[in-house]
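For reference, protein38.tsv (TSV, C-alpha atoms):
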chain	number	residue	atom	x	y	z
I	5	MET	CA	6.56	4.40	28.74
I	6	LYS	CA	5.23	0.87	28.34
I	7	LYS	CA	6.21	-0.59	24.99
I	8	ILE	CA	3.49	-1.56	22.55
I	9	LYS	CA	3.48	-5.33	21.95
I	10	LEU	CA	3.02	-6.37	18.33
I	11	GLY	CA	2.16	-9.71	16.77
I	12	PHE	CA	3.20	-10.56	13.20
I	13	VAL	CA	1.67	-13.01	10.77
I	14	GLY	CA	4.01	-13.90	7.90
I	15	ALA	CA	7.79	-13.66	7.53
I	16	GLY	CA	8.35	-13.70	3.77
I	17	PHE	CA	10.35	-11.13	1.80
I	18	ASN	CA	8.08	-8.14	2.26
I	19	GLY	CA	7.10	-9.22	5.74
I	20	GLN	CA	10.75	-9.00	6.71
I	21	ILE	CA	12.05	-6.09	4.61
I	22	GLY	CA	9.05	-3.79	4.65
I	23	PHE	CA	7.63	-4.54	8.08
I	24	LEU	CA	9.62	-6.60	10.61
I	25	GLU	CA	12.84	-4.70	9.93
I	26	ASN	CA	11.19	-1.31	10.36
I	27	PHE	CA	9.04	-2.08	13.40
I	28	SER	CA	12.10	-3.57	15.10
I	29	LYS	CA	13.78	-0.14	14.91
I	30	ASN	CA	10.97	1.64	16.71
I	31	LYS	CA	11.88	2.07	20.38
I	32	ASN	CA	8.25	2.42	21.42
I	33	CYS	CA	7.25	-1.11	20.43
I	34	ILE	CA	8.42	-4.69	20.75
I	35	ILE	CA	7.77	-7.57	18.36
I	36	TRP	CA	6.25	-9.95	20.88
I	37	GLY	CA	5.17	-12.82	18.63
I	38	LEU	CA	5.46	-14.26	15.11
I	39	ALA	CA	3.14	-16.70	13.34
I	40	GLU	CA	4.93	-18.39	10.42
I	41	TYR	CA	4.09	-21.77	8.92
I	42	ARG	CA	7.68	-22.68	7.96
I	43	PRO	CA	9.47	-23.81	11.17
I	44	GLU	CA	13.06	-23.22	10.05
I	45	LEU	CA	12.28	-19.73	8.76
I	46	ARG	CA	10.23	-18.95	11.85
I	47	LYS	CA	13.08	-19.95	14.16
I	48	LYS	CA	15.70	-17.92	12.26
I	49	VAL	CA	13.56	-14.79	12.03
I	50	CYS	CA	12.64	-14.94	15.71
I	51	LYS	CA	16.30	-15.25	16.62
I	52	LYS	CA	17.26	-12.24	14.48
I	53	TYR	CA	14.57	-9.98	15.92
I	54	ASN	CA	14.56	-11.40	19.47
I	55	ILE	CA	10.93	-12.45	19.19
I	56	THR	CA	9.77	-14.27	22.33
I	57	ASN	CA	6.68	-16.12	21.11
I	58	GLN	CA	6.58	-18.41	18.07
I	59	TYR	CA	3.44	-19.83	16.46
I	60	ALA	CA	2.89	-22.26	13.60
I	61	SER	CA	-0.36	-20.58	12.59
I	62	HIS	CA	-2.21	-17.31	13.00
I	63	LYS	CA	-4.90	-19.12	14.99
I	64	ASP	CA	-2.33	-20.06	17.64
I	65	LEU	CA	-1.31	-16.41	17.93
I	66	ALA	CA	-4.97	-15.37	18.12
I	67	LYS	CA	-5.48	-17.60	21.17
I	68	ASN	CA	-3.06	-15.32	23.03
I	69	ILE	CA	-4.46	-12.05	21.64
I	70	ASN	CA	-4.71	-10.44	25.08
I	71	GLU	CA	-0.91	-10.28	25.17
I	72	TYR	CA	-0.87	-8.00	22.12
I	73	ASP	CA	-1.65	-4.35	21.38
I	74	GLY	CA	-1.68	-4.67	17.59
I	75	ILE	CA	-1.33	-7.19	14.76
I	76	ILE	CA	0.51	-6.90	11.41
I	77	ILE	CA	-0.46	-9.31	8.61
I	78	VAL	CA	1.73	-9.74	5.50
I	79	THR	CA	1.03	-13.04	3.75
I	80	LYS	CA	-0.01	-14.35	0.34
I	81	ARG	CA	-2.57	-11.99	-1.20
I	82	ASN	CA	-5.38	-14.54	-1.31
I	83	MET	CA	-4.79	-15.50	2.33
I	84	MET	CA	-4.38	-12.05	3.84
I	85	PRO	CA	-8.06	-10.95	3.86
I	86	ALA	CA	-9.13	-14.34	5.24
I	87	ILE	CA	-6.61	-14.05	8.08
I	88	ALA	CA	-7.59	-10.43	8.70
I	89	TYR	CA	-11.20	-11.55	8.98
I	90	ASP	CA	-10.25	-13.90	11.82
I	91	PHE	CA	-8.44	-11.14	13.72
I	92	LEU	CA	-11.02	-8.40	13.21
I	93	LYS	CA	-13.39	-9.98	15.73
I	94	LEU	CA	-10.70	-9.78	18.42
I	95	GLY	CA	-10.78	-5.99	18.61
I	96	LYS	CA	-7.03	-5.27	18.45
I	97	PRO	CA	-5.76	-2.79	15.79
I	98	ILE	CA	-4.49	-4.50	12.66
I	99	LEU	CA	-2.31	-3.46	9.74
I	100	THR	CA	-2.26	-5.50	6.54
I	101	GLU	CA	-0.43	-5.07	3.27
I	102	LYS	CA	-2.39	-3.73	0.35
I	103	PRO	CA	-4.75	-4.49	-1.24
I	104	MET	CA	-7.04	-5.25	1.70
I	105	ALA	CA	-8.96	-7.77	-0.44
I	106	MET	CA	-9.22	-8.99	-4.02
I	107	CYS	CA	-12.66	-7.52	-4.75
I	108	THR	CA	-15.25	-5.17	-3.27
I	109	GLU	CA	-17.43	-8.08	-2.13
I	110	GLN	CA	-14.62	-9.28	0.15
I	111	ALA	CA	-13.77	-5.73	1.24
I	112	LYS	CA	-17.39	-5.09	2.29
I	113	LYS	CA	-17.30	-8.25	4.37
I	114	LEU	CA	-14.13	-7.07	6.12
I	115	LEU	CA	-15.46	-3.56	6.70
I	116	LYS	CA	-18.65	-4.91	8.23
I	117	ARG	CA	-16.60	-7.13	10.52
I	118	ALA	CA	-14.36	-4.26	11.62
I	119	GLN	CA	-17.35	-2.04	12.34
I	120	LYS	CA	-19.15	-4.76	14.30
I	121	TYR	CA	-16.19	-5.31	16.64
I	122	HIS	CA	-14.99	-1.68	16.67
I	123	THR	CA	-11.57	-2.72	15.35
I	124	ARG	CA	-9.16	-0.12	13.98
I	125	TYR	CA	-8.11	-1.47	10.59
I	126	LYS	CA	-5.27	0.01	8.54
I	127	VAL	CA	-4.03	-0.95	5.06
I	128	GLY	CA	-0.38	-0.57	4.05
I	129	TYR	CA	-0.19	2.03	1.30
I	130	ASN	CA	3.36	3.00	2.16
I	131	LYS	CA	3.73	5.51	-0.70
I	132	THR	CA	1.51	7.98	1.13
I	133	TYR	CA	4.08	7.91	3.96
I	134	ASP	CA	6.87	8.90	1.59
I	135	GLU	CA	8.25	12.15	3.00
I	136	GLY	CA	8.61	13.68	-0.46
I	137	ILE	CA	5.01	12.79	-1.31
I	138	GLN	CA	3.71	14.29	1.92
I	139	GLN	CA	5.67	17.53	1.42
I	140	ALA	CA	4.53	17.75	-2.20
I	141	LYS	CA	0.93	17.32	-0.99
I	142	LEU	CA	1.30	20.29	1.37
I	143	LEU	CA	2.57	22.41	-1.51
I	144	PHE	CA	-0.20	21.18	-3.80
I	145	ASP	CA	-2.87	22.08	-1.24
I	146	ARG	CA	-1.54	25.65	-1.08
I	147	LEU	CA	-1.46	25.95	-4.87
I	148	PHE	CA	-4.93	24.46	-5.26
I	149	LYS	CA	-6.43	26.82	-2.68
I	150	SER	CA	-4.62	30.02	-3.67
I	151	LYS	CA	-4.93	29.43	-7.45
I	152	SER	CA	-1.55	31.17	-7.82
I	153	LEU	CA	-0.92	28.96	-10.86
I	154	GLY	CA	-4.56	28.95	-11.92
I	155	ASP	CA	-6.94	26.03	-11.78
I	156	LEU	CA	-5.91	22.39	-11.75
I	157	ILE	CA	-6.50	21.04	-15.26
I	158	HIS	CA	-4.91	17.57	-15.41
I	159	ILE	CA	-3.12	14.83	-13.43
I	160	ARG	CA	-0.83	12.21	-14.93
I	161	SER	CA	0.26	9.09	-13.03
I	162	HIS	CA	2.91	7.10	-14.90
I	163	ARG	CA	4.46	3.85	-13.71
I	164	LEU	CA	6.65	1.42	-15.60
I	165	SER	CA	7.46	-1.18	-12.98
I	166	GLY	CA	10.75	-3.02	-13.00
I	167	SER	CA	12.08	-4.24	-9.70
I	168	GLY	CA	11.35	-2.46	-6.46
I	169	TYR	CA	14.09	-4.49	-4.81
I	170	ILE	CA	17.79	-3.87	-4.38
I	171	LYS	CA	20.66	-6.26	-3.70
I	172	LYS	CA	21.29	-4.70	-0.30
I	173	ASN	CA	17.88	-5.90	0.84
I	174	SER	CA	19.19	-9.02	2.53
I	175	TYR	CA	16.62	-11.15	4.27
I	176	ILE	CA	16.44	-14.60	5.82
I	177	HIS	CA	15.76	-17.50	3.47
I	178	SER	CA	15.06	-21.14	4.17
I	179	ASN	CA	14.86	-24.18	1.93
I	180	GLU	CA	11.27	-24.80	2.96
I	181	LYS	CA	8.48	-24.40	0.44
I	182	ASN	CA	5.57	-22.27	1.54
I	183	LEU	CA	2.82	-24.87	1.08
I	184	LEU	CA	0.31	-23.15	3.34
I	185	SER	CA	-2.79	-22.30	1.32
I	186	LYS	CA	-5.58	-21.89	3.88
I	187	PRO	CA	-7.47	-19.90	4.88
I	188	SER	CA	-7.84	-18.22	1.51
I	189	TRP	CA	-10.39	-16.22	-0.48
I	190	LYS	CA	-10.85	-15.95	-4.25
I	191	ILE	CA	-8.37	-13.79	-6.15
I	192	LYS	CA	-10.88	-12.02	-8.38
I	193	PRO	CA	-14.54	-10.98	-8.63
I	194	SER	CA	-16.86	-13.58	-10.14
I	195	TRP	CA	-17.51	-11.40	-13.19
I	196	ILE	CA	-13.85	-11.29	-14.28
I	197	PRO	CA	-13.35	-13.93	-17.01
I	198	LYS	CA	-10.90	-16.72	-16.18
I	199	ILE	CA	-8.62	-15.59	-19.00
I	200	TYR	CA	-8.06	-12.26	-17.19
I	201	GLU	CA	-7.63	-13.73	-13.70
I	202	LYS	CA	-3.88	-13.20	-13.38
I	203	SER	CA	-3.98	-9.86	-15.19
I	204	TYR	CA	-6.63	-8.55	-12.82
I	205	GLU	CA	-4.75	-9.83	-9.77
I	206	LYS	CA	-1.52	-8.22	-10.93
I	207	TYR	CA	-3.17	-4.92	-11.85
I	208	LEU	CA	-4.93	-4.62	-8.50
I	209	ASN	CA	-1.82	-5.52	-6.52
I	210	LEU	CA	0.59	-3.22	-8.35
I	211	TYR	CA	-1.46	-0.20	-9.32
I	212	CYS	CA	-3.78	0.18	-6.36
I	213	HIS	CA	-0.84	2.28	-5.09
I	214	ASN	CA	-1.35	4.71	-7.98
I	215	ILE	CA	-5.11	4.75	-7.47
I	216	ASN	CA	-4.49	5.49	-3.81
I	217	LEU	CA	-2.22	8.42	-4.71
I	218	PHE	CA	-4.96	10.01	-6.82
I	219	LYS	CA	-7.20	9.92	-3.76
I	220	PHE	CA	-4.43	11.15	-1.46
I	221	PHE	CA	-4.19	14.34	-3.51
I	222	ILE	CA	-7.82	14.63	-4.65
I	223	LYS	CA	-10.61	13.55	-2.29
I	224	GLN	CA	-13.21	13.55	-5.06
I	225	LYS	CA	-14.29	10.23	-6.61
I	226	PRO	CA	-13.78	10.14	-10.39
I	227	LYS	CA	-15.68	8.43	-13.19
I	228	VAL	CA	-13.84	6.05	-15.51
I	229	ALA	CA	-13.97	7.62	-18.97
I	230	PHE	CA	-11.68	5.17	-20.80
I	231	SER	CA	-9.82	1.94	-20.05
I	232	ASP	CA	-7.43	-0.04	-22.24
I	233	LEU	CA	-5.63	-2.73	-20.24
I	234	SER	CA	-2.87	-4.93	-21.57
I	235	ASP	CA	-0.07	-7.15	-20.29
I	236	LYS	CA	1.90	-6.72	-23.51
I	237	LYS	CA	1.99	-2.93	-23.84
I	238	ILE	CA	1.24	0.19	-21.85
I	239	SER	CA	-2.19	0.19	-20.23
I	240	THR	CA	-4.06	3.49	-20.26
I	241	VAL	CA	-6.93	4.68	-18.08
I	242	VAL	CA	-8.62	8.09	-18.25
I	243	LEU	CA	-10.47	9.38	-15.19
I	244	ASP	CA	-13.00	12.20	-15.26
I	245	TYR	CA	-13.09	14.49	-12.22
I	246	GLY	CA	-15.53	16.94	-13.77
I	247	LYS	CA	-13.47	20.13	-13.91
I	248	PHE	CA	-10.27	18.27	-14.81
I	249	SER	CA	-9.09	14.90	-16.09
I	250	ALA	CA	-6.48	12.36	-15.04
I	251	ILE	CA	-4.58	9.66	-16.87
I	252	LEU	CA	-3.02	6.50	-15.46
I	253	GLU	CA	-0.28	4.86	-17.57
I	254	THR	CA	1.03	1.52	-16.35
I	255	GLY	CA	3.26	-1.25	-17.65
I	256	PHE	CA	6.62	-2.93	-17.24
I	257	PHE	CA	10.20	-1.77	-17.69
I	258	THR	CA	13.44	-3.71	-17.79
I	259	LYS	CA	14.04	-6.06	-14.87
I	260	ASP	CA	16.21	-3.58	-12.98
I	261	GLY	CA	14.46	-0.43	-14.19
I	262	TRP	CA	11.85	1.77	-12.57
I	263	ASP	CA	10.08	4.79	-14.04
I	264	GLU	CA	7.36	6.37	-11.91
I	265	THR	CA	6.07	9.94	-11.88
I	266	PHE	CA	3.02	11.77	-10.58
I	267	ASP	CA	2.43	15.13	-12.27
I	268	LEU	CA	-0.20	17.75	-11.47
I	269	TYR	CA	-0.84	20.40	-14.13
I	270	PHE	CA	-2.27	23.85	-13.49
I	271	GLU	CA	-3.17	26.54	-16.01
I	272	LYS	CA	0.13	28.35	-15.45
I	273	GLY	CA	2.51	25.67	-14.25
I	274	SER	CA	2.97	22.17	-12.89
I	275	LEU	CA	4.06	20.17	-9.87
I	276	LYS	CA	6.08	17.15	-10.95
I	277	ILE	CA	6.94	14.28	-8.59
I	278	THR	CA	9.38	11.42	-9.19
I	279	LEU	CA	8.95	8.31	-7.05
I	280	PRO	CA	11.66	5.73	-6.25
I	281	PRO	CA	11.15	1.95	-6.13
I	282	GLN	CA	9.36	1.36	-2.83
I	283	HIS	CA	11.93	-1.08	-1.46
I	284	LEU	CA	14.80	1.35	-2.05
I	285	LYS	CA	15.84	2.22	1.48
I	286	ASN	CA	16.28	5.80	2.68
I	287	LYS	CA	15.20	7.26	-0.65
I	288	SER	CA	12.11	9.43	-0.92
I	289	ALA	CA	10.24	11.06	-3.78
I	290	THR	CA	11.55	14.30	-5.23
I	291	PHE	CA	9.39	17.09	-6.61
I	292	TYR	CA	9.73	20.17	-8.78
I	293	LEU	CA	7.44	23.14	-9.24
I	294	TYR	CA	7.39	24.81	-12.65
I	295	LYS	CA	5.87	28.15	-13.65
I	296	ASN	CA	4.71	28.21	-17.24
I	297	LYS	CA	6.48	25.53	-19.29
I	298	ASN	CA	10.15	25.34	-18.28
I	299	ASP	CA	10.72	27.91	-15.54
I	300	LYS	CA	11.65	25.87	-12.48
I	301	ILE	CA	10.80	27.93	-9.43
I	302	PHE	CA	11.13	25.39	-6.64
I	303	ASN	CA	12.50	21.92	-6.07
I	304	LYS	CA	12.99	19.61	-3.12
I	305	THR	CA	15.26	16.59	-3.36
I	306	ASN	CA	16.96	16.06	0.00
I	307	PHE	CA	14.60	13.60	1.70
I	308	ASN	CA	16.48	10.54	2.92
I	309	SER	CA	13.75	8.73	4.84
I	310	TRP	CA	12.01	5.48	3.87
I	311	SER	CA	8.25	5.23	3.43
I	312	PHE	CA	8.06	1.74	5.00
I	313	LYS	CA	9.79	2.99	8.16
I	314	ARG	CA	7.55	6.04	8.38
I	315	GLN	CA	4.50	3.80	7.90
I	316	ALA	CA	5.64	1.50	10.72
I	317	ASP	CA	6.18	4.46	13.05
I	318	ALA	CA	2.76	5.82	12.14
I	319	PHE	CA	1.00	2.56	13.04
I	320	VAL	CA	2.71	2.49	16.43
I	321	ASN	CA	1.47	6.05	17.00
I	322	ASP	CA	-2.00	5.05	15.79
I	323	ILE	CA	-2.14	2.35	18.45
I	324	LYS	CA	-0.81	4.69	21.12
I	325	ASN	CA	-3.29	7.45	20.25
I	326	LYS	CA	-6.20	5.05	19.54
I	327	LYS	CA	-6.86	6.72	16.19
I	328	LEU	CA	-5.97	5.96	12.56
I	329	ILE	CA	-4.60	8.99	10.69
I	330	HIS	CA	-4.18	7.63	7.15
I	331	ASN	CA	-5.24	4.62	5.07
I	332	ASN	CA	-8.12	3.18	7.02
I	333	ALA	CA	-10.03	0.23	5.60
I	334	LYS	CA	-12.91	2.36	4.24
I	335	SER	CA	-10.42	4.32	2.16
I	336	ALA	CA	-8.83	1.07	0.95
I	337	PHE	CA	-12.27	-0.19	-0.10
I	338	ASP	CA	-12.65	2.84	-2.37
I	339	ASP	CA	-9.39	1.93	-4.14
I	340	ILE	CA	-10.61	-1.58	-4.94
I	341	ASP	CA	-13.95	-0.17	-6.07
I	342	LEU	CA	-12.23	2.11	-8.60
I	343	VAL	CA	-10.03	-0.73	-9.87
I	344	GLU	CA	-13.17	-2.81	-10.45
I	345	LYS	CA	-14.78	0.07	-12.36
I	346	ILE	CA	-11.64	0.33	-14.51
I	347	TRP	CA	-11.91	-3.36	-15.36
I	348	ARG	CA	-15.64	-3.17	-16.06
I	349	LYS	CA	-15.02	-0.31	-18.47
I	350	PHE	CA	-12.32	-2.35	-20.23
I	351	LEU	CA	-14.44	-5.50	-20.49
I	352	ASN	CA	-17.53	-3.62	-21.69
I	353	LYS	CA	-15.81	-1.84	-24.57

This entry written out as structure tokens:
Amino acid sequence: MKKIKLGFVGAGFNGQIGFLENFSKNKNCIIWGLAEYRPELRKKVCKKYNITNQYASHKDLAKNINEYDGIIIVTKRNMMPAIAYDFLKLGKPILTEKPMAMCTEQAKKLLKRAQKYHTRYKVGYNKTYDEGIQQAKLLFDRLFKSKSLGDLIHIRSHRLSGSGYIKKNSYIHSNEKNLLSKPSWKIKPSWIPKIYEKSYEKYLNLYCHNINLFKFFIKQKPKVAFSDLSDKKISTVVLDYGKFSAILETGFFTKDGWDETFDLYFEKGSLKITLPPQHLKNKSATFYLYKNKNDKIFNKTNFNSWSFKRQADAFVNDIKNKKLIHNNAKSAFDDIDLVEKIWRKFLNK
């Protein structure tokens, strides 16, 4: 079978650890080109991954787009949507890190561009490719449909972020400063006050994952009932799904700590999921099913796959099959839209 040729834009930490490393292990594709502004870093990364074509900018790679079957973009957050915009008109499937943009206005612009040029556009919510999460979702769907534990009454998403990195995540450094700043788009909506600029940017970047998980399990769009956001203590958001509620608790832990759970409560039991730091290799979420309060009736803990690797494999299959299975750009737009509604609720208190 002919190997799928991929082009990469960006070779920073996550570009290497989350993406280049995992695509390089897929036997059905080849990393055919890399666009990276820093020449020393570009040369070293291309040598490590046997990348044939090197480019100083994404525009140079775009000139040779006919050589590629798909493009992966992992750059600074304010640059990523602007670079994606340039590639969307070229018609080749693209995968970017999340969030797809910094506000709904930008996301609409990207969606319109993708639709105009019939470009398959995927956004990297790797948590939904966690094997434990996917297995828990299958179990949840059965419980929700059969009502064997009664109706769903509440969801709780809890994340105290520390570091998602581990010391074993070695990657190539260089002494070069990343001074590239264009093309770039604004990092917040115009209605967010300047004083909240960094807080909004951080919240969107970190917790769009949690917002995406709500949607992965529940397709219904919620209303924002309550929002109290803070950088200094736990932030709390209450979502109203009509027949049940959901709460999102977010904040920061110790530097090396990580505490993340996703719990779904039924009338007669609960499905509780524990998620690992996303850059912890070969470690998936675990889940437990409880009947009543403490009677554990099922658990699954022996998943040793890595969500980033499964996401990479999925994108290769998406290109091969000419169809996106999960996390298309329209879905990613909905995540940003909900984050904006959370912030509007907070600011309008």

What does the distance between atom CA of Asp263 of chain I and atom CA of Gly19 of chain I come to in Å, to one decimal place? 24.4 Å

From the options I:Leu114, I:Val49, I:Leu164, I:Cys212, which residue's atoms come nearest to Ile238 of chain I, counting only C-alpha atoms? I:Leu164

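Across the model, the gap from atom CA of Ile346 of chain I to atom CA of Glu253 of chain I is 12.6 Å.
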
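Proximity to Lys192 of chain I at 8 Å, evaluated using all atoms listed in the file and with sequence-adjacent residues fewer than 5 positions away removed, yields Met106, Cys107, Glu201, Tyr204 and Glu205 of chain I.
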
Selection near segment 316-326 of chain I, 10 Å with all atoms listed in the file, sequence-local residues under 4 positions removed, as a ChimeraX atom specification: /I:7-10,22-33,73-74,76,96-99,124,126,128,130,133,311-312,330

Using all atoms listed in the file, the shortest atom-to-atom distance to Val78 of chain I among I:Ala39, I:Ile157, I:Val242, I:Ala66 belongs to I:Ala39

Name all residues at most 12 Å from Pro193 of chain I (count all atoms listed in the file; drop same-chain ones fewer than 4 positions away) and give them as a PyMOL selection string. chain I and resi 105-111+189+197-198+200-202+204-205+208+340-341+343-345+347-348

Which of I:Lys353, I:Lys93, I:Arg160, I:Lys6 sits closest to Phe230 of chain I [using all atoms listed in the file]: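 Of I:Lys353, I:Lys93, I:Arg160, I:Lys6, the one nearest Phe230 of chain I is I:Lys353, counting all atoms listed in the file.
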
Select, from I:His158, I:Lys206, I:Lys276, I:Lys295, the residue with the minimum atom-to-atom distance to Asp244 of chain I, counting only C-alpha atoms.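 Going through I:His158, I:Lys206, I:Lys276, I:Lys295 one by one, the smallest distance to Asp244 of chain I is for I:His158.
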
Compile the contact shell of His213 of chain I as a VMD selection string: residues with an atom at most 10 Å away, counting only C-alpha atoms, same-chain residues fewer than 2 positions apart removed. chain I and resid 102 to 103 128 to 132 208 to 211 215 to 218 339

Figure out the distance between atom CA of Cys50 of chain I and atom CA of Lys80 of chain I, please, to one decimal in Å. 19.9 Å

Spatial neighbours of segment 138-142 of chain I, 12 Å, all atoms listed in the file, chain gap at least 2 places, as a PDB file with C-alpha atoms, in the frame of the given file:
ATOM      1  CA  ASN I 130       3.360   3.000   2.160  1.00  0.00           C
ATOM      2  CA  LYS I 131       3.730   5.510  -0.700  1.00  0.00           C
ATOM      3  CA  THR I 132       1.510   7.980   1.130  1.00  0.00           C
ATOM      4  CA  TYR I 133       4.080   7.910   3.960  1.00  0.00           C
ATOM      5  CA  ASP I 134       6.870   8.900   1.590  1.00  0.00           C
ATOM      6  CA  GLU I 135       8.250  12.150   3.000  1.00  0.00           C
ATOM      7  CA  GLY I 136       8.610  13.680  -0.460  1.00  0.00           C
ATOM      8  CA  PHE I 144      -0.200  21.180  -3.800  1.00  0.00           C
ATOM      9  CA  ASP I 145      -2.870  22.080  -1.240  1.00  0.00           C
ATOM     10  CA  ARG I 146      -1.540  25.650  -1.080  1.00  0.00           C
ATOM     11  CA  LEU I 147      -1.460  25.950  -4.870  1.00  0.00           C
ATOM     12  CA  PHE I 148      -4.930  24.460  -5.260  1.00  0.00           C
ATOM     13  CA  LYS I 149      -6.430  26.820  -2.680  1.00  0.00           C
ATOM     14  CA  LEU I 217      -2.220   8.420  -4.710  1.00  0.00           C
ATOM     15  CA  PHE I 218      -4.960  10.010  -6.820  1.00  0.00           C
ATOM     16  CA  LYS I 219      -7.200   9.920  -3.760  1.00  0.00           C
ATOM     17  CA  PHE I 220      -4.430  11.150  -1.460  1.00  0.00           C
ATOM     18  CA  PHE I 221      -4.190  14.340  -3.510  1.00  0.00           C
ATOM     19  CA  ILE I 222      -7.820  14.630  -4.650  1.00  0.00           C
ATOM     20  CA  PHE I 266       3.020  11.770 -10.580  1.00  0.00           C
ATOM     21  CA  ASP I 267       2.430  15.130 -12.270  1.00  0.00           C
ATOM     22  CA  LEU I 268      -0.200  17.750 -11.470  1.00  0.00           C
ATOM     23  CA  SER I 274       2.970  22.170 -12.890  1.00  0.00           C
ATOM     24  CA  LEU I 275       4.060  20.170  -9.870  1.00  0.00           C
ATOM     25  CA  LYS I 276       6.080  17.150 -10.950  1.00  0.00           C
ATOM     26  CA  ILE I 277       6.940  14.280  -8.590  1.00  0.00           C
ATOM     27  CA  THR I 278       9.380  11.420  -9.190  1.00  0.00           C
ATOM     28  CA  LEU I 279       8.950   8.310  -7.050  1.00  0.00           C
ATOM     29  CA  SER I 288      12.110   9.430  -0.920  1.00  0.00           C
ATOM     30  CA  ALA I 289      10.240  11.060  -3.780  1.00  0.00           C
ATOM     31  CA  THR I 290      11.550  14.300  -5.230  1.00  0.00           C
ATOM     32  CA  PHE I 291       9.390  17.090  -6.610  1.00  0.00           C
ATOM     33  CA  TYR I 292       9.730  20.170  -8.780  1.00  0.00           C
ATOM     34  CA  LEU I 293       7.440  23.140  -9.240  1.00  0.00           C
ATOM     35  CA  PHE I 302      11.130  25.390  -6.640  1.00  0.00           C
ATOM     36  CA  ASN I 303      12.500  21.920  -6.070  1.00  0.00           C
ATOM     37  CA  LYS I 304      12.990  19.610  -3.120  1.00  0.00           C
ATOM     38  CA  THR I 305      15.260  16.590  -3.360  1.00  0.00           C
ATOM     39  CA  ASN I 306      16.960  16.060   0.000  1.00  0.00           C
ATOM     40  CA  PHE I 307      14.600  13.600   1.700  1.00  0.00           C
ATOM     41  CA  SER I 309      13.750   8.730   4.840  1.00  0.00           C
ATOM     42  CA  SER I 311       8.250   5.230   3.430  1.00  0.00           C
ATOM     43  CA  ARG I 314       7.550   6.040   8.380  1.00  0.00           C
ATOM     44  CA  HIS I 330      -4.180   7.630   7.150  1.00  0.00           C
TER      45      HIS I 330
END

Working from the structure I just supplied, which lacks atoms in segment 156-169 of chain I, can you model N, CA and C atoms there and output them as an mmCIF file, in the coordinates of the input?
data_model
loop_
_atom_site.group_PDB
_atom_site.id
_atom_site.type_symbol
_atom_site.label_atom_id
_atom_site.label_comp_id
_atom_site.auth_asym_id
_atom_site.auth_seq_id
_atom_site.Cartn_x
_atom_site.Cartn_y
_atom_site.Cartn_z
ATOM 1 N N LEU I 156 -6.441 23.709 -11.402
ATOM 2 C CA LEU I 156 -5.910 22.390 -11.750
ATOM 3 C C LEU I 156 -6.633 21.904 -13.008
ATOM 4 N N ILE I 157 -5.872 21.452 -14.009
ATOM 5 C CA ILE I 157 -6.500 21.040 -15.260
ATOM 6 C C ILE I 157 -6.233 19.580 -15.628
ATOM 7 N N HIS I 158 -5.213 18.952 -15.024
ATOM 8 C CA HIS I 158 -4.910 17.570 -15.410
ATOM 9 C C HIS I 158 -3.950 16.938 -14.411
ATOM 10 N N ILE I 159 -4.073 15.611 -14.232
ATOM 11 C CA ILE I 159 -3.120 14.830 -13.430
ATOM 12 C C ILE I 159 -2.655 13.655 -14.281
ATOM 13 N N ARG I 160 -1.380 13.346 -14.190
ATOM 14 C CA ARG I 160 -0.830 12.210 -14.930
ATOM 15 C C ARG I 160 -0.025 11.337 -13.969
ATOM 16 N N SER I 161 -0.476 10.080 -13.828
ATOM 17 C CA SER I 161 0.260 9.090 -13.030
ATOM 18 C C SER I 161 0.861 8.087 -13.997
ATOM 19 N N HIS I 162 2.178 7.932 -13.936
ATOM 20 C CA HIS I 162 2.910 7.100 -14.900
ATOM 21 C C HIS I 162 3.789 6.132 -14.117
ATOM 22 N N ARG I 163 3.620 4.828 -14.398
ATOM 23 C CA ARG I 163 4.460 3.850 -13.710
ATOM 24 C C ARG I 163 4.815 2.698 -14.645
ATOM 25 N N LEU I 164 6.106 2.597 -14.923
ATOM 26 C CA LEU I 164 6.650 1.420 -15.600
ATOM 27 C C LEU I 164 7.431 0.652 -14.546
ATOM 28 N N SER I 165 6.845 -0.423 -14.061
ATOM 29 C CA SER I 165 7.460 -1.180 -12.980
ATOM 30 C C SER I 165 8.601 -2.043 -13.503
ATOM 31 N N GLY I 166 9.672 -2.074 -12.739
ATOM 32 C CA GLY I 166 10.750 -3.020 -13.000
ATOM 33 C C GLY I 166 10.884 -3.847 -11.742
ATOM 34 N N SER I 167 11.919 -3.588 -10.993
ATOM 35 C CA SER I 167 12.080 -4.240 -9.700
ATOM 36 C C SER I 167 12.131 -3.175 -8.620
ATOM 37 N N GLY I 168 11.315 -3.361 -7.593
ATOM 38 C CA GLY I 168 11.350 -2.460 -6.460
ATOM 39 C C GLY I 168 12.379 -2.892 -5.428
ATOM 40 N N TYR I 169 13.154 -3.921 -5.765
ATOM 41 C CA TYR I 169 14.090 -4.490 -4.810
ATOM 42 C C TYR I 169 15.518 -4.051 -5.135
#
